[in-house]
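Asker: One file: upload_16.cif (mmCIF, N, CA and C atoms).
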data_upload
loop_
_atom_site.label_atom_id
_atom_site.label_comp_id
_atom_site.auth_asym_id
_atom_site.auth_seq_id
_atom_site.Cartn_x
_atom_site.Cartn_y
_atom_site.Cartn_z
N MET A 14 0.38 32.66 -16.71
CA MET A 14 1.63 32.31 -16.07
C MET A 14 1.46 30.97 -15.39
N GLY A 15 1.26 30.89 -14.11
CA GLY A 15 0.97 29.63 -13.45
C GLY A 15 2.18 28.73 -13.27
N LYS A 16 1.93 27.61 -12.66
CA LYS A 16 3.00 26.66 -12.39
C LYS A 16 3.23 25.76 -13.60
N PRO A 17 4.44 25.21 -13.74
CA PRO A 17 4.67 24.25 -14.82
C PRO A 17 3.93 22.94 -14.55
N GLY A 18 3.64 22.21 -15.60
CA GLY A 18 2.90 20.97 -15.46
C GLY A 18 3.68 19.92 -14.68
N PHE A 19 2.95 19.02 -14.04
CA PHE A 19 3.55 17.96 -13.25
C PHE A 19 3.97 16.82 -14.17
N GLU A 20 5.23 16.44 -14.08
CA GLU A 20 5.76 15.35 -14.89
C GLU A 20 5.37 14.02 -14.27
N ARG A 21 4.72 13.16 -15.03
CA ARG A 21 4.28 11.86 -14.51
C ARG A 21 5.47 10.91 -14.43
N LYS A 22 5.69 10.32 -13.25
CA LYS A 22 6.85 9.46 -13.04
C LYS A 22 6.59 8.01 -13.40
N LEU A 23 5.34 7.65 -13.59
CA LEU A 23 4.99 6.27 -13.92
C LEU A 23 4.81 6.13 -15.43
N ALA A 24 4.85 4.89 -15.89
CA ALA A 24 4.62 4.63 -17.30
C ALA A 24 3.12 4.80 -17.61
N ASP A 25 2.80 4.77 -18.91
CA ASP A 25 1.40 4.94 -19.31
C ASP A 25 0.55 3.73 -18.95
N THR A 26 1.18 2.60 -18.68
CA THR A 26 0.43 1.38 -18.35
C THR A 26 0.39 1.13 -16.85
N GLU A 27 0.65 2.16 -16.04
CA GLU A 27 0.69 1.99 -14.59
C GLU A 27 -0.23 2.98 -13.90
N ALA A 28 -0.71 2.58 -12.71
CA ALA A 28 -1.50 3.45 -11.85
C ALA A 28 -1.06 3.20 -10.41
N VAL A 29 -1.22 4.20 -9.56
CA VAL A 29 -0.71 4.12 -8.20
C VAL A 29 -1.79 4.53 -7.20
N ALA A 30 -1.69 3.98 -5.99
CA ALA A 30 -2.51 4.41 -4.86
C ALA A 30 -1.62 4.37 -3.63
N ILE A 31 -1.73 5.40 -2.78
CA ILE A 31 -0.88 5.52 -1.60
C ILE A 31 -1.78 5.70 -0.37
N ALA A 32 -1.46 4.96 0.69
CA ALA A 32 -2.13 5.13 1.97
C ALA A 32 -1.08 5.56 2.99
N ARG A 33 -1.33 6.68 3.63
CA ARG A 33 -0.38 7.20 4.61
C ARG A 33 -0.97 7.06 6.01
N HIS A 34 -0.12 7.03 6.99
CA HIS A 34 -0.48 6.99 8.41
C HIS A 34 -1.36 5.80 8.75
N MET A 35 -0.93 4.63 8.34
CA MET A 35 -1.61 3.40 8.73
C MET A 35 -1.07 2.99 10.08
N ARG A 36 -1.93 2.71 11.02
CA ARG A 36 -1.53 2.47 12.41
C ARG A 36 -1.04 1.03 12.58
N LEU A 37 0.17 0.79 12.10
CA LEU A 37 0.78 -0.53 12.17
C LEU A 37 2.27 -0.37 11.89
N SER A 38 3.07 -1.24 12.43
CA SER A 38 4.51 -1.12 12.18
C SER A 38 4.81 -1.55 10.74
N PRO A 39 5.85 -0.97 10.15
CA PRO A 39 6.19 -1.32 8.77
C PRO A 39 6.56 -2.79 8.60
N ARG A 40 7.14 -3.39 9.61
CA ARG A 40 7.51 -4.82 9.50
C ARG A 40 6.27 -5.69 9.31
N LYS A 41 5.22 -5.40 10.08
CA LYS A 41 4.00 -6.20 9.97
C LYS A 41 3.27 -5.92 8.67
N LEU A 42 3.27 -4.66 8.24
CA LEU A 42 2.61 -4.31 6.99
C LEU A 42 3.34 -4.92 5.80
N ASN A 43 4.65 -5.03 5.89
CA ASN A 43 5.42 -5.60 4.80
C ASN A 43 5.11 -7.08 4.60
N LEU A 44 4.74 -7.78 5.66
CA LEU A 44 4.36 -9.19 5.51
C LEU A 44 3.12 -9.33 4.62
N VAL A 45 2.17 -8.42 4.78
CA VAL A 45 0.97 -8.44 3.94
C VAL A 45 1.31 -7.99 2.52
N ALA A 46 2.18 -6.99 2.40
CA ALA A 46 2.55 -6.49 1.07
C ALA A 46 3.31 -7.56 0.28
N GLU A 47 4.14 -8.34 0.96
CA GLU A 47 4.87 -9.41 0.28
C GLU A 47 3.94 -10.47 -0.28
N SER A 48 2.83 -10.70 0.41
CA SER A 48 1.92 -11.77 -0.02
C SER A 48 1.19 -11.43 -1.30
N ILE A 49 1.10 -10.14 -1.68
CA ILE A 49 0.37 -9.78 -2.90
C ILE A 49 1.28 -9.29 -4.02
N ARG A 50 2.56 -9.10 -3.74
CA ARG A 50 3.49 -8.59 -4.74
C ARG A 50 3.58 -9.54 -5.93
N GLY A 51 3.35 -9.04 -7.15
CA GLY A 51 3.47 -9.85 -8.35
C GLY A 51 2.22 -10.62 -8.74
N LEU A 52 1.20 -10.62 -7.89
CA LEU A 52 -0.03 -11.36 -8.21
C LEU A 52 -0.93 -10.53 -9.11
N SER A 53 -1.80 -11.20 -9.84
CA SER A 53 -2.82 -10.47 -10.58
C SER A 53 -3.78 -9.84 -9.57
N CYS A 54 -4.46 -8.79 -9.98
CA CYS A 54 -5.25 -8.01 -9.03
C CYS A 54 -6.41 -8.80 -8.44
N ASP A 55 -7.09 -9.61 -9.25
CA ASP A 55 -8.19 -10.39 -8.69
C ASP A 55 -7.69 -11.45 -7.72
N ARG A 56 -6.54 -12.03 -8.01
CA ARG A 56 -5.94 -13.00 -7.09
C ARG A 56 -5.48 -12.33 -5.79
N ALA A 57 -4.93 -11.12 -5.91
CA ALA A 57 -4.47 -10.38 -4.73
C ALA A 57 -5.65 -9.95 -3.85
N LEU A 58 -6.77 -9.57 -4.49
CA LEU A 58 -7.96 -9.22 -3.71
C LEU A 58 -8.50 -10.43 -2.95
N ALA A 59 -8.48 -11.59 -3.59
CA ALA A 59 -8.93 -12.81 -2.91
C ALA A 59 -7.98 -13.17 -1.76
N GLU A 60 -6.69 -12.98 -1.98
CA GLU A 60 -5.69 -13.26 -0.93
C GLU A 60 -5.92 -12.37 0.29
N LEU A 61 -6.20 -11.09 0.04
CA LEU A 61 -6.44 -10.16 1.14
C LEU A 61 -7.78 -10.38 1.81
N GLN A 62 -8.76 -10.85 1.04
CA GLN A 62 -10.09 -11.11 1.60
C GLN A 62 -10.03 -12.18 2.69
N PHE A 63 -9.21 -13.20 2.47
CA PHE A 63 -9.18 -14.32 3.40
C PHE A 63 -7.94 -14.32 4.29
N SER A 64 -7.19 -13.23 4.29
CA SER A 64 -6.04 -13.13 5.18
C SER A 64 -6.53 -12.88 6.61
N ARG A 65 -5.80 -13.42 7.57
CA ARG A 65 -6.20 -13.29 8.96
C ARG A 65 -5.60 -12.07 9.64
N ARG A 66 -4.76 -11.35 8.95
CA ARG A 66 -4.12 -10.18 9.54
C ARG A 66 -5.10 -9.01 9.59
N ARG A 67 -4.98 -8.20 10.66
CA ARG A 67 -5.91 -7.10 10.88
C ARG A 67 -5.81 -6.05 9.78
N ILE A 68 -4.63 -5.77 9.29
CA ILE A 68 -4.43 -4.68 8.35
C ILE A 68 -4.81 -5.06 6.92
N SER A 69 -5.09 -6.33 6.67
CA SER A 69 -5.34 -6.77 5.29
C SER A 69 -6.57 -6.09 4.68
N ASN A 70 -7.54 -5.71 5.51
CA ASN A 70 -8.72 -5.02 4.98
C ASN A 70 -8.35 -3.63 4.47
N GLU A 71 -7.45 -2.93 5.18
CA GLU A 71 -7.00 -1.62 4.73
C GLU A 71 -6.16 -1.73 3.45
N VAL A 72 -5.33 -2.75 3.37
CA VAL A 72 -4.53 -2.96 2.16
C VAL A 72 -5.44 -3.27 0.98
N ARG A 73 -6.50 -4.00 1.24
CA ARG A 73 -7.48 -4.32 0.19
C ARG A 73 -8.14 -3.05 -0.36
N LYS A 74 -8.45 -2.11 0.53
CA LYS A 74 -9.04 -0.84 0.10
C LYS A 74 -8.06 -0.05 -0.78
N VAL A 75 -6.78 -0.08 -0.42
CA VAL A 75 -5.77 0.63 -1.21
C VAL A 75 -5.64 -0.01 -2.58
N LEU A 76 -5.67 -1.34 -2.63
CA LEU A 76 -5.59 -2.04 -3.92
C LEU A 76 -6.81 -1.74 -4.78
N GLN A 77 -7.98 -1.70 -4.18
CA GLN A 77 -9.18 -1.35 -4.94
C GLN A 77 -9.10 0.08 -5.47
N SER A 78 -8.50 0.97 -4.68
CA SER A 78 -8.32 2.35 -5.13
C SER A 78 -7.35 2.42 -6.31
N ALA A 79 -6.28 1.63 -6.27
CA ALA A 79 -5.33 1.61 -7.38
C ALA A 79 -5.99 1.06 -8.64
N ILE A 80 -6.83 0.05 -8.49
CA ILE A 80 -7.54 -0.51 -9.64
C ILE A 80 -8.50 0.51 -10.22
N ALA A 81 -9.21 1.24 -9.34
CA ALA A 81 -10.14 2.27 -9.81
C ALA A 81 -9.39 3.41 -10.50
N ASN A 82 -8.21 3.77 -9.97
CA ASN A 82 -7.40 4.80 -10.63
C ASN A 82 -6.97 4.35 -12.02
N ALA A 83 -6.59 3.08 -12.14
CA ALA A 83 -6.16 2.56 -13.43
C ALA A 83 -7.30 2.58 -14.44
N GLU A 84 -8.48 2.23 -13.98
CA GLU A 84 -9.63 2.14 -14.88
C GLU A 84 -10.15 3.53 -15.26
N ASN A 85 -10.33 4.40 -14.29
CA ASN A 85 -10.99 5.68 -14.54
C ASN A 85 -10.05 6.77 -15.02
N ASN A 86 -8.82 6.81 -14.46
CA ASN A 86 -7.92 7.91 -14.81
C ASN A 86 -7.01 7.60 -15.99
N HIS A 87 -6.68 6.31 -16.19
CA HIS A 87 -5.71 5.95 -17.21
C HIS A 87 -6.26 4.99 -18.27
N GLN A 88 -7.53 4.64 -18.19
CA GLN A 88 -8.23 3.79 -19.16
C GLN A 88 -7.47 2.48 -19.41
N LEU A 89 -7.07 1.80 -18.34
CA LEU A 89 -6.39 0.51 -18.46
C LEU A 89 -7.40 -0.62 -18.32
N ASP A 90 -7.08 -1.77 -18.88
CA ASP A 90 -7.95 -2.94 -18.82
C ASP A 90 -7.81 -3.59 -17.45
N VAL A 91 -8.91 -3.68 -16.70
CA VAL A 91 -8.88 -4.18 -15.33
C VAL A 91 -8.52 -5.66 -15.28
N ASP A 92 -8.90 -6.42 -16.30
CA ASP A 92 -8.66 -7.86 -16.29
C ASP A 92 -7.18 -8.20 -16.47
N ARG A 93 -6.39 -7.27 -17.00
CA ARG A 93 -4.97 -7.55 -17.25
C ARG A 93 -4.04 -6.90 -16.24
N LEU A 94 -4.59 -6.33 -15.15
CA LEU A 94 -3.77 -5.64 -14.15
C LEU A 94 -3.13 -6.63 -13.19
N PHE A 95 -1.91 -6.30 -12.74
CA PHE A 95 -1.26 -7.06 -11.67
C PHE A 95 -0.52 -6.08 -10.76
N VAL A 96 -0.20 -6.53 -9.55
CA VAL A 96 0.48 -5.69 -8.57
C VAL A 96 1.97 -5.67 -8.92
N ALA A 97 2.44 -4.57 -9.48
CA ALA A 97 3.83 -4.47 -9.90
C ALA A 97 4.74 -4.13 -8.72
N GLU A 98 4.31 -3.20 -7.87
CA GLU A 98 5.09 -2.79 -6.72
C GLU A 98 4.18 -2.68 -5.52
N ALA A 99 4.69 -3.10 -4.37
CA ALA A 99 4.01 -2.89 -3.09
C ALA A 99 5.10 -2.52 -2.09
N SER A 100 5.31 -1.23 -1.90
CA SER A 100 6.39 -0.79 -1.04
C SER A 100 5.84 -0.18 0.24
N VAL A 101 6.55 -0.46 1.33
CA VAL A 101 6.13 -0.04 2.66
C VAL A 101 7.19 0.90 3.21
N GLY A 102 6.75 1.97 3.84
CA GLY A 102 7.68 2.92 4.45
C GLY A 102 7.23 3.32 5.84
N LYS A 103 8.17 3.87 6.58
CA LYS A 103 7.90 4.30 7.95
C LYS A 103 7.53 5.78 7.94
N THR A 104 6.50 6.16 8.67
CA THR A 104 6.14 7.58 8.77
C THR A 104 6.47 8.07 10.17
N MET A 105 5.48 8.36 10.97
CA MET A 105 5.75 8.93 12.28
C MET A 105 5.66 7.86 13.36
N VAL A 106 6.14 8.20 14.54
CA VAL A 106 6.09 7.30 15.69
C VAL A 106 5.57 8.11 16.87
N ILE A 107 4.47 7.65 17.47
CA ILE A 107 3.96 8.28 18.67
C ILE A 107 4.68 7.65 19.86
N LYS A 108 5.21 8.49 20.75
CA LYS A 108 5.94 8.00 21.91
C LYS A 108 5.09 8.18 23.16
N ARG A 109 4.97 7.12 23.92
CA ARG A 109 4.22 7.13 25.18
C ARG A 109 5.13 6.63 26.28
N TRP A 110 4.76 6.91 27.53
CA TRP A 110 5.57 6.50 28.68
C TRP A 110 4.74 5.65 29.61
N ARG A 111 5.33 4.62 30.15
CA ARG A 111 4.68 3.73 31.11
C ARG A 111 5.52 3.69 32.37
N PRO A 112 4.89 3.89 33.54
CA PRO A 112 5.67 3.84 34.77
C PRO A 112 6.20 2.44 35.06
N ARG A 113 7.44 2.39 35.49
CA ARG A 113 8.10 1.13 35.84
C ARG A 113 8.52 1.19 37.31
N ALA A 114 9.20 0.17 37.74
CA ALA A 114 9.58 0.07 39.15
C ALA A 114 10.64 1.11 39.52
N ARG A 115 10.66 1.50 40.77
CA ARG A 115 11.67 2.37 41.37
C ARG A 115 11.75 3.73 40.68
N GLY A 116 10.60 4.26 40.28
CA GLY A 116 10.54 5.61 39.78
C GLY A 116 11.01 5.80 38.35
N ARG A 117 11.25 4.73 37.64
CA ARG A 117 11.71 4.85 36.26
C ARG A 117 10.51 4.82 35.30
N VAL A 118 10.79 5.05 34.04
CA VAL A 118 9.73 4.97 33.02
C VAL A 118 10.18 4.04 31.91
N GLY A 119 9.22 3.42 31.27
CA GLY A 119 9.47 2.61 30.08
C GLY A 119 8.87 3.31 28.88
N ARG A 120 9.63 3.38 27.80
CA ARG A 120 9.18 4.08 26.60
C ARG A 120 8.40 3.11 25.72
N ILE A 121 7.23 3.53 25.28
CA ILE A 121 6.41 2.74 24.37
C ILE A 121 6.33 3.52 23.06
N GLU A 122 6.65 2.86 21.96
CA GLU A 122 6.59 3.49 20.66
C GLU A 122 5.44 2.89 19.86
N LYS A 123 4.62 3.75 19.30
CA LYS A 123 3.49 3.32 18.49
C LYS A 123 3.75 3.77 17.05
N PRO A 124 4.30 2.87 16.22
CA PRO A 124 4.71 3.28 14.87
C PRO A 124 3.54 3.35 13.89
N PHE A 125 3.71 4.21 12.90
CA PHE A 125 2.79 4.32 11.78
C PHE A 125 3.58 4.01 10.51
N SER A 126 2.88 3.61 9.46
CA SER A 126 3.56 3.29 8.22
C SER A 126 2.72 3.74 7.03
N GLN A 127 3.34 3.71 5.86
CA GLN A 127 2.62 4.06 4.64
C GLN A 127 2.79 2.95 3.62
N LEU A 128 1.84 2.84 2.71
CA LEU A 128 1.84 1.80 1.69
C LEU A 128 1.67 2.45 0.33
N ARG A 129 2.49 2.03 -0.63
CA ARG A 129 2.39 2.52 -2.01
C ARG A 129 2.23 1.32 -2.93
N LEU A 130 1.08 1.24 -3.59
CA LEU A 130 0.80 0.14 -4.51
C LEU A 130 0.79 0.67 -5.94
N VAL A 131 1.53 -0.02 -6.80
CA VAL A 131 1.54 0.31 -8.23
C VAL A 131 1.00 -0.90 -8.97
N VAL A 132 -0.05 -0.69 -9.75
CA VAL A 132 -0.59 -1.76 -10.58
C VAL A 132 -0.20 -1.47 -12.03
N ARG A 133 0.09 -2.52 -12.76
CA ARG A 133 0.55 -2.39 -14.14
C ARG A 133 -0.25 -3.33 -15.02
N GLU A 134 -0.44 -2.93 -16.26
CA GLU A 134 -1.16 -3.75 -17.22
C GLU A 134 -0.19 -4.71 -17.89
N ARG A 135 -0.55 -5.98 -17.94
CA ARG A 135 0.30 -6.98 -18.61
C ARG A 135 0.27 -6.77 -20.12
N GLU A 136 1.40 -7.09 -20.76
CA GLU A 136 1.45 -6.99 -22.22
C GLU A 136 0.67 -8.15 -22.82
N GLU A 137 0.10 -7.89 -23.98
CA GLU A 137 -0.64 -8.95 -24.68
C GLU A 137 0.32 -9.90 -25.33
N HIS A 138 0.05 -11.21 -25.20
CA HIS A 138 0.85 -12.21 -25.86
C HIS A 138 0.20 -12.58 -27.18
N VAL A 139 0.91 -12.39 -28.26
CA VAL A 139 0.34 -12.66 -29.60
C VAL A 139 0.78 -14.00 -30.11
#
What's the structure tokens form of this structure?
Answerer:
Amino acid sequence: MGKPGFERKLADTEAVAIARHMRLSPRKLNLVAESIRGLSCDRALAELQFSRRRISNEVRKVLQSAIANAENNHQLDVDRLFVAEASVGKTMVIKRWRPRARGRVGRIEKPFSQLRLVVREREEHV
């Protein structure tokens, strides 16, 4: 009996890696995601290696995971991969309180975000 098989939503030439609960606001993470969108994977890794943003090292790990998924799970050629999608979403928000003047409080929000990277194999030009 068992459950029905999982329908794959990506094409055969694509692989995905997702990082959830990254401790950074989605606006800041999207700046890093924009810088690698559409680049070839080796170029995107070099871009993230020398980026000055704190989160770029975590994004680099996610990209390396997507490349490894493409190579090991889907038998794609690593040299022809590029970043097809880099989408950022909002997850949870931790709320903290800071005392302010005259007995009031100030609300501090600590947002978390998620990153979804899809790498795709380029078509061969004949």
Asker: Please, what distance in Å, to one decimal, runs between CA of His87 (chain A) and CA of Ala28 (chain A)?
Answerer: 7.3 Å
Asker: I'd like to know which of A:Val106, A:Ile80, A:Val101, A:Leu61 is closest to Arg133 (chain A), using only C-alpha atoms.
Answerer: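 Distance minimum relative to Arg133 (chain A) lands on A:Ile80.
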Asker: Written as a VMD selection string, which residues does the PyMOL selection byres ((chain A and resi 51) around 6.5) give for the file shown?
Answerer: chain A and resid 49 to 50 52 to 53 95 to 98
Asker: Please evaluate the PyMOL selection byres ((chain A and resi 128) around 7) against the structure above and give the resulting residues as a ChimeraX atom specification.
Answerer: /A:30-35,99-102,126-127,129-130
Asker: What separation in Å, quoted to one decimal, exists between CA of Gly119 (chain A) and atom C of Arg65 (chain A)?
Answerer: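 CA of Gly119 (chain A) sits 29.3 Å away from atom C of Arg65 (chain A).
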Asker: Given only N, CA and C atoms as the basis, pick out the residue of A:Leu23, A:Ile68, A:Val29, A:Leu58 nearest to Val45 (chain A).
Answerer: A:Ile68
Asker: Which one is closest to Met105 (chain A): A:Ser38, A:Asn43, A:Asn86, A:Thr26? Count only C-alpha atoms.
Answerer: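 Of A:Ser38, A:Asn43, A:Asn86, A:Thr26, the one nearest Met105 (chain A), counting only C-alpha atoms, is A:Ser38.
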Asker: Can you check which residues of chain A DSSP gives as helix (DSSP H, G or I) on the backbone and send them as number ranges by chain?
Answerer: A: 39-49, 54-62, 69-85, 91-93, 114-116
Asker: With distances taken over only N, CA and C atoms, which residue among A:Pro112, A:Lys103, A:Glu71, A:Phe19 lies nearest Phe125 (chain A)?
Answerer: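 Among A:Pro112, A:Lys103, A:Glu71, A:Phe19, it is A:Lys103 that comes nearest to Phe125 (chain A).
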Asker: In Å, how far is it from atom N of Lys123 (chain A) to CA of Arg109 (chain A)?
Answerer: 6.8 Å
Asker: When you count all atoms listed in the file, which of these residues is closest to Arg120 (chain A): A:Ala46, A:Lys108, A:Val132, A:Arg56?
Answerer: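 Between A:Ala46, A:Lys108, A:Val132, A:Arg56, the residue approaching Arg120 (chain A) most closely is A:Lys108.
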Asker: Using all atoms listed in the file, find the one residue out of A:Ile107, A:Gly116, A:Lys74, A:Ser69 that sits nearest to Leu42 (chain A).
Answerer: A:Ser69
